[in-house]
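Written below as structure tokens is the structure these notes are about.
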Amino acid sequence: MRSSSGYVELPTGADPRLGIEAVWLSLARQASAHRVLPDGRCDIILRFCASTGPIKHISVVVTGPTTAHYDVPIQPGMGFAGIRLRPGFFQHILGFKPVSLRDKTLVDAAAISASPPLATLCTDAISPETLPDRLIAFVRSRIGQDHAPLPGQTRRILSAFHASSGRLPVQDIAQMHGLSARTVQRIVLDATGLPPKSYARILQFHRAMRLLRDHRLSPSEAALEAGYADQAHMIHALRRFGGLSPARLADVTLVTLKE
Amino acid sequence: MTVRFGYTILYVPDVRETVAFYEAAFGLTLRFVHESGLYAELETGAVTLAFAGEEMAEMNGLAIRPQRKSDPAQAVEIALICDDPQSAWDRAVAAGALPLSPPQTKPWNQIVGYVRDLNGCLVELCSDMTNPN
């Protein structure tokens, strides 16, 4: 979930060796709609009613890789604890390929049926603050002692997409790794659940938003640096992936990576 | 306002692996490695040669073309001054560097050889021209 009010990424918990990109908590104080942007990532989310006393009836939600934005209606008192998975780690942690979950979300029984160990996440909790640790422990138990489940080639290919923020054509990435475009297609689809072109477009879209919002580039500078043919192409991508215009970026939560 | 040249930082797929290679191939030593394994510095004197994980590019909002062995080398080279370029070149090649061009004496009387490192980055091994004998 990438949303505005009540969403905080915890300063600890991110661990690239475990495939944990971020651990987050969201406690809604007022009714709102949270916009979820496509980011090439999948999350495991625990949803609960943040009342005083022990937390009962915890729902587990697994979000697949998305290619379009959507809004989640939030009621006051709803709480979410989530873990954002680094692309490539999904299957190792959940036991099935992310491609089967493209643009989909699994909730409770459907999620547990797809990945039975998720059931352990739904037991009652003393407080919302204990849920991030529960998620981290879950991922750790799934990854086991083997801290680097990604094969070197997969890691380097995904890294090339990320480091270039989607600016390199798939054919270039294939060539620079001495592989065919078809092999890269298979590796990226297996690891992320998205075809490489969509994956690259999403990474490019995210960087454009960062350049506009955080680096304060003008729309024409951001379009050039993000690798769009022109400003119109960038604006089209902002609208297509985020339903946003350059003037309306202030309130979205973007993927951040921490050391 | 003063400005001085402090670092050359190579973005690499694996920082620890790259450090191990630079130790074995060029005899350089580690000055510092961050616990995340995403950044390391070598003991290279006034100008630091450092390595950053490619993830750092995305973290900082940058976009780079990552260096890979089967891609042409990028438009930059690391030049290491050696008292014996031939022995340095032999050691680098024995440690797995790509033997691009054996040391030769250039018209300006400098000995220059080239290898590519484990990631494909161009490394020049040369004699010292600042202190010609």
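Simple scheme: letters A, B, ... for chains in structure tokens order, numbers from 1 for residues in each chain, numbers from 1 for ligands in the order shown.
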
**OP:** Using only C-alpha atoms, find which residues of chain A lie within 8 Å of chain B and jot them down as a ChimeraX atom specification.
**Re:** /A:156,159-160,162-165,167-168,175-178,207,210-211,226,256-259

Okay, now the selection with C-alpha atoms, as a short mmCIF file (atom, residue, chain, number, x, y, z; two decimals), in the first residue's frame?
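Output contents, as saved in again04.cif:
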data_model
loop_
_atom_site.label_atom_id
_atom_site.label_comp_id
_atom_site.auth_asym_id
_atom_site.auth_seq_id
_atom_site.Cartn_x
_atom_site.Cartn_y
_atom_site.Cartn_z
CA ARG A 156 22.04 -8.90 -11.91
CA SER A 159 19.50 -4.86 -10.66
CA ALA A 160 20.08 -3.57 -14.20
CA HIS A 162 16.37 -0.91 -11.20
CA ALA A 163 19.73 0.88 -11.50
CA SER A 164 18.73 2.26 -14.89
CA SER A 165 15.19 3.04 -13.64
CA ARG A 167 15.65 3.49 -19.15
CA LEU A 168 17.42 0.63 -20.92
CA GLN A 175 22.77 -8.09 -24.76
CA MET A 176 24.80 -6.70 -21.87
CA HIS A 177 24.27 -9.97 -19.98
CA GLY A 178 24.97 -12.15 -23.01
CA ARG A 207 11.60 7.84 -10.98
CA ARG A 210 10.61 11.35 -7.59
CA LEU A 211 12.38 13.77 -9.92
CA ALA A 226 13.65 9.97 -16.77
CA THR A 256 11.72 4.54 -0.99
CA LEU A 257 14.73 2.40 -0.31
CA LYS A 258 16.76 2.70 2.84
CA GLU A 259 20.28 1.65 3.51
#

**OP:** Kindly give the distance, in Å, that separates CA of Leu94 in chain A and CA of Gly82 in chain A, rounded to a single decimal.
**Re:** 14.6 Å

Original post:
When distances are computed from only C-alpha atoms, which of B:Ala52, B:Val3, B:Leu118, B:Leu42 shows the smallest separation from Ala95 in chain B?
Top reply: B:Leu118

**OP:** Take CA of Asp103 in chain A and CA of Thr67 in chain A and report the distance between them in Å, one decimal.
**Re:**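 If I compute the distance from CA of Asp103 in chain A to CA of Thr67 in chain A, I get 6.5 Å.
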
**OP:** Kindly indicate which residue among A:Pro98, A:Gly242, A:Pro116, A:Pro87 lies nearest to Ile157 in chain A, using only C-alpha atoms for the distances.
**Re:** A:Pro87

**OP:** Just the strand (DSSP E or B) stuff from range 31-102 of chain B, please, per backbone DSSP, written as a ChimeraX atom specification.
**Re:** /B:31-33,39-42,48-53,77-81,98-102

Would you write out those residues with N, CA and C atoms, as a PDB file, in the first residue's frame?
ATOM      1  N   ARG B  31      39.629  -0.104   3.215  1.00  0.00           N
ATOM      2  CA  ARG B  31      39.660   0.900   4.293  1.00  0.00           C
ATOM      3  C   ARG B  31      38.385   0.815   5.128  1.00  0.00           C
ATOM      4  N   PHE B  32      37.252   0.594   4.438  1.00  0.00           N
ATOM      5  CA  PHE B  32      35.969   0.674   5.143  1.00  0.00           C
ATOM      6  C   PHE B  32      34.895  -0.043   4.340  1.00  0.00           C
ATOM      7  N   VAL B  33      34.069  -0.820   5.034  1.00  0.00           N
ATOM      8  CA  VAL B  33      32.890  -1.364   4.370  1.00  0.00           C
ATOM      9  C   VAL B  33      31.687  -1.137   5.283  1.00  0.00           C
ATOM     10  N   TYR B  39      28.379  -0.346   0.388  1.00  0.00           N
ATOM     11  CA  TYR B  39      29.387   0.686   0.130  1.00  0.00           C
ATOM     12  C   TYR B  39      30.711   0.277   0.768  1.00  0.00           C
ATOM     13  N   ALA B  40      31.796   0.482   0.041  1.00  0.00           N
ATOM     14  CA  ALA B  40      33.120   0.182   0.592  1.00  0.00           C
ATOM     15  C   ALA B  40      34.150   1.124  -0.007  1.00  0.00           C
ATOM     16  N   GLU B  41      35.195   1.392   0.768  1.00  0.00           N
ATOM     17  CA  GLU B  41      36.298   2.228   0.294  1.00  0.00           C
ATOM     18  C   GLU B  41      37.597   1.447   0.368  1.00  0.00           C
ATOM     19  N   LEU B  42      38.463   1.690  -0.616  1.00  0.00           N
ATOM     20  CA  LEU B  42      39.781   1.081  -0.590  1.00  0.00           C
ATOM     21  C   LEU B  42      40.794   2.096  -0.076  1.00  0.00           C
ATOM     22  N   THR B  48      39.976   8.644  -3.026  1.00  0.00           N
ATOM     23  CA  THR B  48      39.474   7.335  -2.612  1.00  0.00           C
ATOM     24  C   THR B  48      38.775   6.627  -3.764  1.00  0.00           C
ATOM     25  N   LEU B  49      39.151   5.372  -3.967  1.00  0.00           N
ATOM     26  CA  LEU B  49      38.392   4.515  -4.886  1.00  0.00           C
ATOM     27  C   LEU B  49      37.377   3.759  -4.038  1.00  0.00           C
ATOM     28  N   ALA B  50      36.115   3.946  -4.366  1.00  0.00           N
ATOM     29  CA  ALA B  50      35.045   3.340  -3.569  1.00  0.00           C
ATOM     30  C   ALA B  50      34.087   2.585  -4.473  1.00  0.00           C
ATOM     31  N   PHE B  51      33.350   1.669  -3.870  1.00  0.00           N
ATOM     32  CA  PHE B  51      32.339   0.902  -4.601  1.00  0.00           C
ATOM     33  C   PHE B  51      30.992   1.075  -3.914  1.00  0.00           C
ATOM     34  N   ALA B  52      29.969   1.282  -4.731  1.00  0.00           N
ATOM     35  CA  ALA B  52      28.613   1.363  -4.202  1.00  0.00           C
ATOM     36  C   ALA B  52      27.779   0.305  -4.900  1.00  0.00           C
ATOM     37  N   GLY B  53      26.894  -0.335  -4.149  1.00  0.00           N
ATOM     38  CA  GLY B  53      25.983  -1.299  -4.754  1.00  0.00           C
ATOM     39  C   GLY B  53      25.072  -0.588  -5.744  1.00  0.00           C
ATOM     40  N   GLU B  77      38.056   5.072 -17.139  1.00  0.00           N
ATOM     41  CA  GLU B  77      38.947   4.006 -16.689  1.00  0.00           C
ATOM     42  C   GLU B  77      39.535   4.368 -15.338  1.00  0.00           C
ATOM     43  N   ILE B  78      39.896   3.332 -14.592  1.00  0.00           N
ATOM     44  CA  ILE B  78      40.615   3.501 -13.335  1.00  0.00           C
ATOM     45  C   ILE B  78      42.089   3.281 -13.668  1.00  0.00           C
ATOM     46  N   ALA B  79      42.943   4.259 -13.384  1.00  0.00           N
ATOM     47  CA  ALA B  79      44.366   4.086 -13.670  1.00  0.00           C
ATOM     48  C   ALA B  79      45.113   3.862 -12.357  1.00  0.00           C
ATOM     49  N   LEU B  80      45.817   2.752 -12.277  1.00  0.00           N
ATOM     50  CA  LEU B  80      46.592   2.429 -11.075  1.00  0.00           C
ATOM     51  C   LEU B  80      48.071   2.513 -11.416  1.00  0.00           C
ATOM     52  N   ILE B  81      48.798   3.340 -10.668  1.00  0.00           N
ATOM     53  CA  ILE B  81      50.225   3.492 -10.901  1.00  0.00           C
ATOM     54  C   ILE B  81      50.961   2.375 -10.173  1.00  0.00           C
ATOM     55  N   LEU B  98      40.287  -9.664 -17.141  1.00  0.00           N
ATOM     56  CA  LEU B  98      40.353  -9.926 -18.576  1.00  0.00           C
ATOM     57  C   LEU B  98      41.611  -9.275 -19.145  1.00  0.00           C
ATOM     58  N   PRO B  99      42.513 -10.068 -19.766  1.00  0.00           N
ATOM     59  CA  PRO B  99      43.801  -9.518 -20.253  1.00  0.00           C
ATOM     60  C   PRO B  99      43.627  -8.729 -21.535  1.00  0.00           C
ATOM     61  N   LEU B 100      43.259  -7.468 -21.418  1.00  0.00           N
ATOM     62  CA  LEU B 100      42.871  -6.681 -22.583  1.00  0.00           C
ATOM     63  C   LEU B 100      44.064  -6.262 -23.429  1.00  0.00           C
ATOM     64  N   SER B 101      45.110  -5.800 -22.779  1.00  0.00           N
ATOM     65  CA  SER B 101      46.280  -5.322 -23.519  1.00  0.00           C
ATOM     66  C   SER B 101      47.500  -5.388 -22.605  1.00  0.00           C
ATOM     67  N   PRO B 102      48.488  -6.227 -22.950  1.00  0.00           N
ATOM     68  CA  PRO B 102      49.666  -6.370 -22.072  1.00  0.00           C
ATOM     69  C   PRO B 102      50.452  -5.060 -22.008  1.00  0.00           C
TER      70      PRO B 102
END
